[in-house]
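Pasted below: data_8.pdb, PDB, C-alpha atoms.
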```pdb
ATOM      1  CA  MET A 129      18.008  27.014  34.752
ATOM      2  CA  ASN A 130      19.374  28.473  31.504
ATOM      3  CA  TRP A 131      23.121  28.188  32.087
ATOM      4  CA  TYR A 132      23.839  29.222  28.489
ATOM      5  CA  GLY A 133      22.683  32.710  29.385
ATOM      6  CA  LEU A 134      25.749  33.054  31.634
ATOM      7  CA  TYR A 135      28.334  31.986  29.049
ATOM      8  CA  ALA A 136      30.504  34.527  27.271
ATOM      9  CA  GLN A 137      31.393  31.996  24.593
ATOM     10  CA  MET A 138      29.943  28.902  23.038
ATOM     11  CA  PRO A 139      31.440  25.580  24.184
ATOM     12  CA  LEU A 140      33.841  23.770  21.897
ATOM     13  CA  ARG A 141      31.512  20.787  21.899
ATOM     14  CA  THR A 142      28.975  18.883  23.957
ATOM     15  CA  GLU A 143      29.899  15.380  25.081
ATOM     16  CA  GLU A 144      27.290  13.129  26.699
ATOM     17  CA  GLY A 145      25.344  16.197  27.764
ATOM     18  CA  ILE A 146      28.408  17.971  29.195
ATOM     19  CA  VAL A 147      29.447  21.289  27.667
ATOM     20  CA  VAL A 148      33.204  21.357  27.032
ATOM     21  CA  PHE A 149      35.284  24.557  26.955
ATOM     22  CA  GLY A 150      38.802  23.050  26.855
ATOM     23  CA  ARG A 151      42.071  23.441  28.812
ATOM     24  CA  GLU A 152      41.639  20.016  30.414
ATOM     25  CA  LYS A 153      45.298  19.947  31.504
ATOM     26  CA  ASP A 154      44.526  22.727  34.001
ATOM     27  CA  GLY A 155      42.851  20.188  36.296
ATOM     28  CA  ASP A 156      43.693  17.081  38.296
ATOM     29  CA  CYS A 157      44.746  13.968  36.393
ATOM     30  CA  PHE A 158      42.848  10.714  36.961
ATOM     31  CA  ASP A 159      43.495   7.192  35.728
ATOM     32  CA  GLU A 160      41.781   3.809  35.431
ATOM     33  CA  SER A 161      42.161   3.103  39.155
ATOM     34  CA  ASP A 162      40.173   6.248  39.921
ATOM     35  CA  ILE A 163      37.423   5.197  37.525
ATOM     36  CA  ALA A 164      37.264   1.764  39.164
ATOM     37  CA  ASP A 165      36.907   3.398  42.574
ATOM     38  CA  TRP A 166      34.198   5.768  41.338
ATOM     39  CA  ARG A 167      32.237   2.912  39.760
ATOM     40  CA  ASN A 168      32.590   0.846  42.916
ATOM     41  CA  GLY A 169      30.257   3.213  44.700
ATOM     42  CA  ARG A 170      32.487   6.154  45.595
ATOM     43  CA  LEU A 171      30.530   8.760  43.636
ATOM     44  CA  LEU A 172      27.208   7.414  44.881
ATOM     45  CA  TYR A 173      28.551   7.633  48.438
ATOM     46  CA  ASN A 174      29.707  11.200  47.839
ATOM     47  CA  TRP A 175      26.231  12.127  46.575
ATOM     48  CA  THR A 176      24.466  10.787  49.678
ATOM     49  CA  ARG A 177      26.969  11.307  52.522
ATOM     50  CA  GLN A 178      25.971  13.439  55.496
ATOM     51  CA  GLU A 179      29.431  14.759  56.433
ATOM     52  CA  TYR A 180      28.778  18.325  55.308
ATOM     53  CA  PRO A 181      25.168  18.762  56.527
ATOM     54  CA  ASP A 182      26.235  17.273  59.877
ATOM     55  CA  ASN A 183      29.040  19.795  60.364
ATOM     56  CA  PRO A 184      27.524  22.852  62.102
ATOM     57  CA  VAL A 185      29.727  25.418  60.339
ATOM     58  CA  ILE A 186      29.200  23.979  56.860
ATOM     59  CA  ARG A 187      25.505  23.444  57.627
ATOM     60  CA  GLU A 188      25.176  27.152  58.420
ATOM     61  CA  MET A 189      26.873  28.002  55.114
ATOM     62  CA  LEU A 190      24.593  25.646  53.181
ATOM     63  CA  GLU A 191      21.497  27.163  54.761
ATOM     64  CA  THR A 192      22.755  30.648  53.893
ATOM     65  CA  ILE A 193      23.216  29.618  50.258
ATOM     66  CA  ILE A 194      19.699  28.164  50.110
ATOM     67  CA  GLN A 195      18.233  31.279  51.688
ATOM     68  CA  GLU A 196      20.193  33.875  49.720
ATOM     69  CA  GLU A 197      20.854  32.306  46.307
ATOM     70  CA  ASP A 198      18.797  30.992  43.393
ATOM     71  CA  TYR A 199      21.549  28.632  42.220
ATOM     72  CA  ALA A 200      25.209  27.768  42.771
ATOM     73  CA  ILE A 201      28.081  27.058  40.381
ATOM     74  CA  ASP A 202      30.578  24.722  42.033
ATOM     75  CA  LEU A 203      34.214  25.231  41.045
ATOM     76  CA  ALA A 204      36.669  22.334  40.546
ATOM     77  CA  CYS A 205      34.021  19.955  41.866
ATOM     78  CA  GLY A 206      36.090  16.768  41.438
ATOM     79  CA  PRO A 207      34.779  13.375  42.597
ATOM     80  CA  GLY A 208      33.105  14.983  45.627
ATOM     81  CA  MET A 209      31.070  17.482  43.534
ATOM     82  CA  GLY A 210      31.812  20.149  46.120
ATOM     83  CA  LEU A 211      28.800  21.430  48.052
ATOM     84  CA  LEU A 212      26.157  20.575  45.445
ATOM     85  CA  PRO A 213      25.175  17.124  46.827
ATOM     86  CA  ALA A 214      24.656  18.598  50.304
ATOM     87  CA  LEU A 215      22.617  21.492  48.882
ATOM     88  CA  SER A 216      20.451  18.980  47.001
ATOM     89  CA  GLN A 217      19.907  17.035  50.224
ATOM     90  CA  LEU A 218      18.799  20.096  52.168
ATOM     91  CA  ARG A 219      16.715  21.532  49.327
ATOM     92  CA  PRO A 220      15.800  18.941  46.690
ATOM     93  CA  GLY A 221      15.862  20.451  43.235
ATOM     94  CA  PHE A 222      18.224  23.312  44.101
ATOM     95  CA  PRO A 223      19.807  24.270  40.744
ATOM     96  CA  GLY A 224      23.543  23.684  40.472
ATOM     97  CA  LEU A 225      26.221  23.654  37.800
ATOM     98  CA  ALA A 226      29.173  21.399  38.595
ATOM     99  CA  THR A 227      32.375  22.466  36.851
ATOM    100  CA  ASP A 228      35.793  20.849  36.629
ATOM    101  CA  ALA A 229      38.699  20.966  34.197
ATOM    102  CA  ASN A 230      38.780  17.160  34.071
ATOM    103  CA  LEU A 231      36.173  15.779  31.676
ATOM    104  CA  LEU A 232      36.588  12.193  32.875
ATOM    105  CA  VAL A 233      35.215  12.832  36.358
ATOM    106  CA  LEU A 234      32.305  14.822  34.936
ATOM    107  CA  MET A 235      31.394  11.960  32.587
ATOM    108  CA  GLU A 236      31.311   9.584  35.542
ATOM    109  CA  TRP A 237      29.159  12.035  37.472
ATOM    110  CA  GLN A 238      26.791  12.253  34.510
ATOM    111  CA  ARG A 239      26.408   8.484  34.581
ATOM    112  CA  VAL A 240      25.549   8.516  38.307
ATOM    113  CA  LEU A 241      23.127  11.440  38.019
ATOM    114  CA  HIS A 242      21.297   9.757  35.145
ATOM    115  CA  SER A 243      21.011   6.533  37.159
ATOM    116  CA  LEU A 244      19.425   8.501  40.015
ATOM    117  CA  ASP A 245      17.164  10.608  37.724
ATOM    118  CA  VAL A 246      18.738  13.793  39.104
ATOM    119  CA  GLU A 247      17.726  16.731  36.919
ATOM    120  CA  ASN A 248      18.755  19.783  38.964
ATOM    121  CA  ILE A 249      22.524  19.437  38.357
ATOM    122  CA  ALA A 250      24.167  20.354  35.048
ATOM    123  CA  LEU A 251      27.831  19.738  34.175
ATOM    124  CA  ALA A 252      30.410  21.905  32.419
ATOM    125  CA  GLN A 253      34.081  21.247  31.710
ATOM    126  CA  CYS A 254      36.162  24.398  32.109
ATOM    127  CA  SER A 255      39.323  25.735  33.711
ATOM    128  CA  LEU A 256      39.330  27.813  36.877
ATOM    129  CA  MET A 257      41.919  30.017  35.196
ATOM    130  CA  ALA A 258      39.687  30.749  32.182
ATOM    131  CA  LEU A 259      36.070  30.707  33.326
ATOM    132  CA  PRO A 260      33.655  30.768  30.365
ATOM    133  CA  PHE A 261      31.127  33.062  32.050
ATOM    134  CA  ARG A 262      30.389  36.678  31.175
ATOM    135  CA  SER A 263      31.815  39.426  33.364
ATOM    136  CA  ASN A 264      29.447  40.524  36.147
ATOM    137  CA  ALA A 265      27.068  37.625  35.428
ATOM    138  CA  VAL A 266      27.290  34.946  38.144
ATOM    139  CA  ARG A 267      25.439  35.367  41.438
ATOM    140  CA  ALA A 268      27.021  32.575  43.490
ATOM    141  CA  TYR A 269      29.976  30.205  43.352
ATOM    142  CA  THR A 270      30.750  27.380  45.768
ATOM    143  CA  SER A 271      33.973  25.446  46.309
ATOM    144  CA  MET A 272      34.988  22.634  48.631
ATOM    145  CA  ILE A 273      38.819  22.569  48.597
ATOM    146  CA  GLY A 274      38.476  23.201  44.849
ATOM    147  CA  LEU A 275      40.587  26.345  44.703
ATOM    148  CA  SER A 276      43.538  24.385  46.121
ATOM    149  CA  SER A 277      43.559  22.193  43.008
ATOM    150  CA  THR A 278      44.465  25.143  40.774
ATOM    151  CA  ARG A 279      47.539  24.525  38.640
ATOM    152  CA  GLY A 280      50.357  27.047  38.284
ATOM    153  CA  GLY A 281      51.192  27.630  41.940
ATOM    154  CA  GLU A 282      50.507  31.010  43.532
ATOM    155  CA  ALA A 283      50.175  32.745  40.162
ATOM    156  CA  GLY A 284      47.581  30.180  39.066
ATOM    157  CA  ILE A 285      45.571  30.622  42.261
ATOM    158  CA  MET A 286      45.527  34.394  41.890
ATOM    159  CA  THR A 287      44.494  34.063  38.231
ATOM    160  CA  ALA A 288      41.614  31.825  39.293
ATOM    161  CA  LEU A 289      40.513  34.263  41.995
ATOM    162  CA  ALA A 290      40.658  37.103  39.469
ATOM    163  CA  GLU A 291      38.425  35.099  37.119
ATOM    164  CA  ILE A 292      35.934  34.401  39.909
ATOM    165  CA  TYR A 293      35.886  38.068  40.858
ATOM    166  CA  ARG A 294      35.502  39.167  37.229
ATOM    167  CA  THR A 295      32.514  36.936  36.554
ATOM    168  CA  LEU A 296      30.580  37.619  39.778
ATOM    169  CA  VAL A 297      27.852  40.252  39.746
ATOM    170  CA  PRO A 298      28.516  43.250  42.017
ATOM    171  CA  GLY A 299      27.644  41.931  45.462
ATOM    172  CA  GLY A 300      27.904  38.327  44.221
ATOM    173  CA  ARG A 301      29.363  35.735  46.570
ATOM    174  CA  LEU A 302      31.905  32.941  46.722
ATOM    175  CA  TYR A 303      31.143  30.323  49.392
ATOM    176  CA  ALA A 304      34.361  28.380  49.907
ATOM    177  CA  VAL A 305      35.897  25.894  52.301
ATOM    178  CA  GLU A 306      39.683  25.837  51.998
ATOM    179  CA  ALA A 307      42.552  24.064  53.749
ATOM    180  CA  GLU A 308      45.902  25.268  55.056
ATOM    181  CA  TRP A 309      48.836  23.364  56.520
ATOM    182  CA  SER A 310      49.677  23.994  60.156
ATOM    183  CA  ASP A 311      53.351  22.973  60.149
ATOM    184  CA  VAL A 312      55.186  23.375  56.845
ATOM    185  CA  ALA A 313      58.554  22.663  58.522
ATOM    186  CA  ALA A 314      57.306  19.192  59.495
ATOM    187  CA  ILE A 315      56.188  18.634  55.906
ATOM    188  CA  PHE A 316      59.653  19.497  54.560
ATOM    189  CA  ASP A 317      61.137  17.052  57.070
ATOM    190  CA  LEU A 318      58.716  14.395  55.865
ATOM    191  CA  PHE A 319      59.643  14.873  52.210
ATOM    192  CA  ASP A 320      63.301  14.571  53.228
ATOM    193  CA  LYS A 321      62.538  11.222  54.865
ATOM    194  CA  MET A 322      60.648  10.188  51.720
ATOM    195  CA  GLY A 323      63.686  11.077  49.596
ATOM    196  CA  GLN A 324      61.575  13.394  47.447
ATOM    197  CA  GLN A 325      61.491  17.066  46.589
ATOM    198  CA  PRO A 326      58.587  18.874  48.294
ATOM    199  CA  TRP A 327      55.588  19.498  46.091
ATOM    200  CA  ALA A 328      55.575  22.885  44.364
ATOM    201  CA  VAL A 329      52.805  24.172  46.628
ATOM    202  CA  PHE A 330      55.172  23.831  49.605
ATOM    203  CA  ARG A 331      58.238  25.212  47.827
ATOM    204  CA  GLU A 332      56.550  28.507  47.063
ATOM    205  CA  THR A 333      56.161  31.326  49.542
ATOM    206  CA  GLN A 334      53.284  30.398  51.810
ATOM    207  CA  CYS A 335      50.321  32.753  51.654
ATOM    208  CA  THR A 336      47.111  32.375  53.647
ATOM    209  CA  TRP A 337      43.735  32.136  51.932
ATOM    210  CA  ARG A 338      42.610  35.211  53.844
ATOM    211  CA  GLU A 339      45.504  37.179  52.320
ATOM    212  CA  ARG A 340      44.753  35.855  48.847
ATOM    213  CA  PHE A 341      41.047  36.700  49.035
ATOM    214  CA  ILE A 342      41.722  40.248  50.210
ATOM    215  CA  ARG A 343      44.412  40.735  47.570
ATOM    216  CA  ALA A 344      41.936  39.582  44.906
ATOM    217  CA  GLY A 345      39.495  42.286  46.000
ATOM    218  CA  PHE A 346      36.968  40.269  47.992
ATOM    219  CA  THR A 347      35.281  41.432  51.183
ATOM    220  CA  ILE A 348      35.274  38.681  53.817
ATOM    221  CA  LEU A 349      31.751  38.524  55.216
ATOM    222  CA  GLN A 350      32.351  35.413  57.312
ATOM    223  CA  GLU A 351      35.338  33.273  58.297
ATOM    224  CA  GLN A 352      34.880  30.243  60.567
ATOM    225  CA  ASP A 353      36.999  27.236  61.501
ATOM    226  CA  VAL A 354      35.463  24.021  60.164
ATOM    227  CA  GLU A 355      37.928  21.544  61.621
ATOM    228  CA  ARG A 356      41.533  20.950  62.558
ATOM    229  CA  ARG A 357      42.813  17.501  61.807
ATOM    230  CA  ILE A 358      45.847  15.318  61.216
ATOM    231  CA  LEU A 359      46.366  14.081  57.668
ATOM    232  CA  ARG A 360      45.329  10.425  57.411
ATOM    233  CA  PRO A 361      46.959   7.605  55.396
ATOM    234  CA  GLU A 362      43.873   7.310  53.172
ATOM    235  CA  ASP A 363      43.877  11.024  52.315
ATOM    236  CA  ASN A 364      46.774  11.038  49.871
ATOM    237  CA  GLU A 365      50.411  10.021  49.321
ATOM    238  CA  LEU A 366      51.589  12.539  51.876
ATOM    239  CA  GLY A 367      49.271  11.155  54.538
ATOM    240  CA  ALA A 368      50.419   7.598  53.851
ATOM    241  CA  ALA A 369      54.076   8.621  54.130
ATOM    242  CA  ALA A 370      53.388  10.523  57.357
ATOM    243  CA  ALA A 371      51.952   7.372  58.943
ATOM    244  CA  ILE A 372      54.968   5.305  57.865
ATOM    245  CA  HIS A 373      57.522   7.811  59.190
ATOM    246  CA  GLY A 374      55.639   8.811  62.324
ATOM    247  CA  VAL A 375      55.247  12.467  61.334
ATOM    248  CA  GLU A 376      52.073  14.392  62.123
ATOM    249  CA  VAL A 377      50.949  16.707  59.337
ATOM    250  CA  GLY A 378      48.290  19.111  60.564
ATOM    251  CA  GLN A 379      45.615  20.672  58.395
ATOM    252  CA  ARG A 380      43.065  23.376  59.157
ATOM    253  CA  ARG A 381      39.874  23.871  57.157
ATOM    254  CA  THR A 382      38.103  27.229  57.149
ATOM    255  CA  ALA A 383      34.740  28.266  55.717
ATOM    256  CA  TYR A 384      34.569  31.652  53.986
ATOM    257  CA  ILE A 385      31.717  33.721  52.676
ATOM    258  CA  LEU A 386      33.251  36.272  50.303
ATOM    259  CA  GLN A 387      31.581  39.102  48.456
ATOM    260  CA  LYS A 388      32.571  41.085  45.382
TER
END
```

As a first step, turn the structure in this file into structure tokens.
Amino acid sequence: MNWYGLYAQMPLRTEEGIVVFGREKDGDCFDESDIADWRNGRLLYNWTRQEYPDNPVIREMLETIIQEEDYAIDLACGPGMGLLPALSQLRPGFPGLATDANLLVLMEWQRVLHSLDVENIALAQCSLMALPFRSNAVRAYTSMIGLSSTRGGEAGIMTALAEIYRTLVPGGRLYAVEAEWSDVAAIFDLFDKMGQQPWAVFRETQCTWRERFIRAGFTILQEQDVERRILRPEDNELGAAAAIHGVEVGQRRTAYILQK
């Protein structure tokens, strides 16, 4: 797959086979403890896990991608690499481009992919809020909770959605699984018990993903519940605090197929 044919600009540099476009601060920050976890088998586990193919809703989405698309560009792939590992499991050799603003996680992914002789996945460092692709050029994007990692609050999310919409071909699709909180009042109560200010994402006016997608111009072709769950201690700092204080924080995940 000639990914360079999709770019509107040349990368700033290439580092260990990864094309770099800049704006690394637009993504999640990782440290040495994350690297230790990744090198202790976490990325290898994420490449081989069956969680997504085993979920009937996500499995249906994956099969649709394989049937309808020639490739997928995963947005804000992070240490899970979005939907690309599952697509590679269901159709070995399916071309994918994994993108993330954080170069560190991509370099670790490159190391794992080389160790496994995986050749169908390329890597590109770029910001969701400044995608390097030409307008009306990309046929298919995927995202697994990647849009939620966008910096800049609601304005940042809408900028990212505008970039996705701009770069998709007419009729192009975004296949996304996104999460929403079921009880924001309980979350504010939890932060009060923690003695902390709520994260910015909770302080802003809450807007549903459905509303955001429609506002960005997308047509919703499909919208299905993936799961409803309670945040766990191992999920993040909020989940750990919820377990300590006996507060249940609910989360709903929904799968969307969106079309430009």

(message) Expand the PyMOL selection byres ((chain A and resi 171-182) around 7) into the explicit residue set it covers here, and present it as a ChimeraX atom specification.
(response) /A:166,169-170,183-184,186-187,207-208,213-214,240

(request) To one decimal in Å, tell me the separation between atom CA of Met322 of chain A and atom CA of Ser277 of chain A. (result)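 Atom CA of Met322 of chain A sits 22.6 Å away from atom CA of Ser277 of chain A.
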
(request) Taking the file as shown, find all residues satisfying the PyMOL selection byres ((chain A and resi 221-224) around 6) and write them as a list in words. (result)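 Selected by the PyMOL selection byres ((chain A and resi 221-224) around 6) in this file: Tyr199, Ala200, Ile201, Ser216, Arg219, Pro220, Leu225, Asn248 and Ile249 of chain A.
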
(request) Just say which residues the PyMOL selection byres ((chain A and resi 230) around 12) picks in this file, as a VMD selection string. (result) chain A and resid 146 148 to 159 203 to 207 226 to 229 231 to 237 251 to 256 277 to 278

(request) Work out how far apart atom CA of Gly299 of chain A and atom CA of Ser271 of chain A are and give it in Å to one decimal. (result)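 Going from atom CA of Gly299 of chain A over to atom CA of Ser271 of chain A covers 17.7 Å.
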
(request) Between atom CA of Ala258 of chain A and atom CA of Gly345 of chain A, measure the distance and give it in Å to one decimal. (result)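 It comes out at 18.0 Å.
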
(request) Just the residues within 9 Å of Met189 of chain A, please, counting all atoms listed in the file, with nothing from its chain fewer than 2 positions along; format it as a list in words. (result)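 The neighbour list is Pro184, Val185, Ile186, Arg187, Glu191, Thr192, Ile193, Ile194, Tyr303, Ala383, Tyr384 and Ile385 of chain A.
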
Grab the residues selected above and save them as an mmCIF file, in the frame of the given file with C-alpha atoms.
```
data_model
loop_
_atom_site.group_PDB
_atom_site.id
_atom_site.type_symbol
_atom_site.label_atom_id
_atom_site.label_comp_id
_atom_site.auth_asym_id
_atom_site.auth_seq_id
_atom_site.Cartn_x
_atom_site.Cartn_y
_atom_site.Cartn_z
ATOM 1 C CA PRO A 184 27.524 22.852 62.102
ATOM 2 C CA VAL A 185 29.727 25.418 60.339
ATOM 3 C CA ILE A 186 29.200 23.979 56.860
ATOM 4 C CA ARG A 187 25.505 23.444 57.627
ATOM 5 C CA GLU A 191 21.497 27.163 54.761
ATOM 6 C CA THR A 192 22.755 30.648 53.893
ATOM 7 C CA ILE A 193 23.216 29.618 50.258
ATOM 8 C CA ILE A 194 19.699 28.164 50.110
ATOM 9 C CA TYR A 303 31.143 30.323 49.392
ATOM 10 C CA ALA A 383 34.740 28.266 55.717
ATOM 11 C CA TYR A 384 34.569 31.652 53.986
ATOM 12 C CA ILE A 385 31.717 33.721 52.676
#
```

Asp311 of chain A: which residues within 7 Å, counting only C-alpha atoms, same-chain residues fewer than 4 positions away excluded, as a PDB file with C-alpha atoms, in the coordinates of the input?
```pdb
ATOM      1  CA  ILE A 315      56.188  18.634  55.906  1.00  0.00           C
ATOM      2  CA  VAL A 377      50.949  16.707  59.337  1.00  0.00           C
ATOM      3  CA  GLY A 378      48.290  19.111  60.564  1.00  0.00           C
TER       4      GLY A 378
END
```

(request) Dig up all the protein and nucleic acid residues within 9 Å of (37.6, 23.1, 56.1) in the file frame, using only C-alpha atoms, and format them as a PyMOL selection string. (result) chain A and resi 186+272-273+304-308+352-356+379-383

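For the residues A:Tyr269, A:Phe261, A:Trp309, A:Tyr293, ranking by smallest atom-to-atom distance to Thr347 of chain A using all atoms listed in the file places A:Tyr293 first.
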
(request) Find, counting only C-alpha atoms, the residue in A:Leu302, A:Ser310, A:Arg340, A:Ala369 that gets nearest to Gly284 of chain A. (result)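 Among the listed residues, A:Arg340 lies closest to Gly284 of chain A.
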
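In terms of minimum interatomic distance to Glu188 of chain A, A:Leu218 ranks closest within A:Cys335, A:Met209, A:Ala344, A:Leu218, counting only C-alpha atoms.
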
(request) Kindly indicate which residue among A:Gln334, A:Ser276, A:Thr295, A:Thr270 lies nearest to Ala313 of chain A, using all atoms listed in the file for the distances. (result)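 For Ala313 of chain A, the nearest of the given residues is A:Gln334.
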
Report as AutoDock Vina command-line options the centre and the edge lengths, in Å to one decimal, of the axis-aligned box holding every listed atom of segment 190-195 of chain A, padded by 4 Å on each side.
```
--center_x 21.4 --center_y 28.5 --center_z 52.4 --size_x 14.4 --size_y 13.6 --size_z 12.7
```

(request) Between A:Leu275, A:Ile163, A:Leu289, A:Ala136, single out the one closest to Asp202 of chain A, counting all atoms listed in the file. (result)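 Using all atoms listed in the file, the shortest distance to Asp202 of chain A belongs to A:Leu275.
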
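Comparing the minimum interatomic distances between Ala290 of chain A and each of A:Gln324, A:Leu259, A:Asn364, A:Glu160, counting all atoms listed in the file, we find that A:Leu259 sits nearest.
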
Write segment 129-146 of chain A as a PDB file, in the coordinates of the input, completed to N, CA and C atoms.
```pdb
ATOM      1  N   MET A 129      17.032  25.929  34.721  1.00  0.00           N
ATOM      2  CA  MET A 129      18.008  27.014  34.752  1.00  0.00           C
ATOM      3  C   MET A 129      18.715  27.097  33.404  1.00  0.00           C
ATOM      4  N   ASN A 130      18.719  28.280  32.802  1.00  0.00           N
ATOM      5  CA  ASN A 130      19.374  28.473  31.504  1.00  0.00           C
ATOM      6  C   ASN A 130      20.828  28.880  31.725  1.00  0.00           C
ATOM      7  N   TRP A 131      21.712  27.903  31.852  1.00  0.00           N
ATOM      8  CA  TRP A 131      23.121  28.188  32.087  1.00  0.00           C
ATOM      9  C   TRP A 131      23.758  28.880  30.894  1.00  0.00           C
ATOM     10  N   TYR A 132      23.255  28.612  29.687  1.00  0.00           N
ATOM     11  CA  TYR A 132      23.839  29.222  28.489  1.00  0.00           C
ATOM     12  C   TYR A 132      23.759  30.740  28.543  1.00  0.00           C
ATOM     13  N   GLY A 133      22.795  31.274  29.274  1.00  0.00           N
ATOM     14  CA  GLY A 133      22.683  32.710  29.385  1.00  0.00           C
ATOM     15  C   GLY A 133      23.832  33.358  30.137  1.00  0.00           C
ATOM     16  N   LEU A 134      24.614  32.535  30.878  1.00  0.00           N
ATOM     17  CA  LEU A 134      25.749  33.054  31.634  1.00  0.00           C
ATOM     18  C   LEU A 134      27.051  32.999  30.844  1.00  0.00           C
ATOM     19  N   TYR A 135      27.081  32.205  29.769  1.00  0.00           N
ATOM     20  CA  TYR A 135      28.334  31.986  29.049  1.00  0.00           C
ATOM     21  C   TYR A 135      28.698  33.175  28.168  1.00  0.00           C
ATOM     22  N   ALA A 136      29.990  33.473  28.149  1.00  0.00           N
ATOM     23  CA  ALA A 136      30.504  34.527  27.271  1.00  0.00           C
ATOM     24  C   ALA A 136      30.904  33.969  25.921  1.00  0.00           C
ATOM     25  N   GLN A 137      30.964  32.649  25.820  1.00  0.00           N
ATOM     26  CA  GLN A 137      31.393  31.996  24.593  1.00  0.00           C
ATOM     27  C   GLN A 137      30.653  30.687  24.452  1.00  0.00           C
ATOM     28  N   MET A 138      30.559  30.201  23.260  1.00  0.00           N
ATOM     29  CA  MET A 138      29.943  28.902  23.038  1.00  0.00           C
ATOM     30  C   MET A 138      30.962  27.806  23.360  1.00  0.00           C
ATOM     31  N   PRO A 139      30.507  26.683  23.900  1.00  0.00           N
ATOM     32  CA  PRO A 139      31.440  25.580  24.184  1.00  0.00           C
ATOM     33  C   PRO A 139      32.035  25.023  22.899  1.00  0.00           C
ATOM     34  N   LEU A 140      33.201  24.400  23.051  1.00  0.00           N
ATOM     35  CA  LEU A 140      33.841  23.770  21.897  1.00  0.00           C
ATOM     36  C   LEU A 140      32.995  22.630  21.361  1.00  0.00           C
ATOM     37  N   ARG A 141      32.356  21.925  22.275  1.00  0.00           N
ATOM     38  CA  ARG A 141      31.512  20.787  21.899  1.00  0.00           C
ATOM     39  C   ARG A 141      30.669  20.391  23.108  1.00  0.00           C
ATOM     40  N   THR A 142      29.745  19.497  22.876  1.00  0.00           N
ATOM     41  CA  THR A 142      28.975  18.883  23.957  1.00  0.00           C
ATOM     42  C   THR A 142      29.213  17.383  23.902  1.00  0.00           C
ATOM     43  N   GLU A 143      29.577  16.801  25.026  1.00  0.00           N
ATOM     44  CA  GLU A 143      29.899  15.380  25.081  1.00  0.00           C
ATOM     45  C   GLU A 143      29.083  14.715  26.178  1.00  0.00           C
ATOM     46  N   GLU A 144      28.176  13.825  25.769  1.00  0.00           N
ATOM     47  CA  GLU A 144      27.290  13.129  26.699  1.00  0.00           C
ATOM     48  C   GLU A 144      26.539  14.108  27.609  1.00  0.00           C
ATOM     49  N   GLY A 145      26.109  15.214  27.013  1.00  0.00           N
ATOM     50  CA  GLY A 145      25.344  16.197  27.764  1.00  0.00           C
ATOM     51  C   GLY A 145      26.173  17.184  28.549  1.00  0.00           C
ATOM     52  N   ILE A 146      27.496  17.079  28.472  1.00  0.00           N
ATOM     53  CA  ILE A 146      28.408  17.971  29.195  1.00  0.00           C
ATOM     54  C   ILE A 146      28.971  18.996  28.219  1.00  0.00           C
TER      55      ILE A 146
END
```
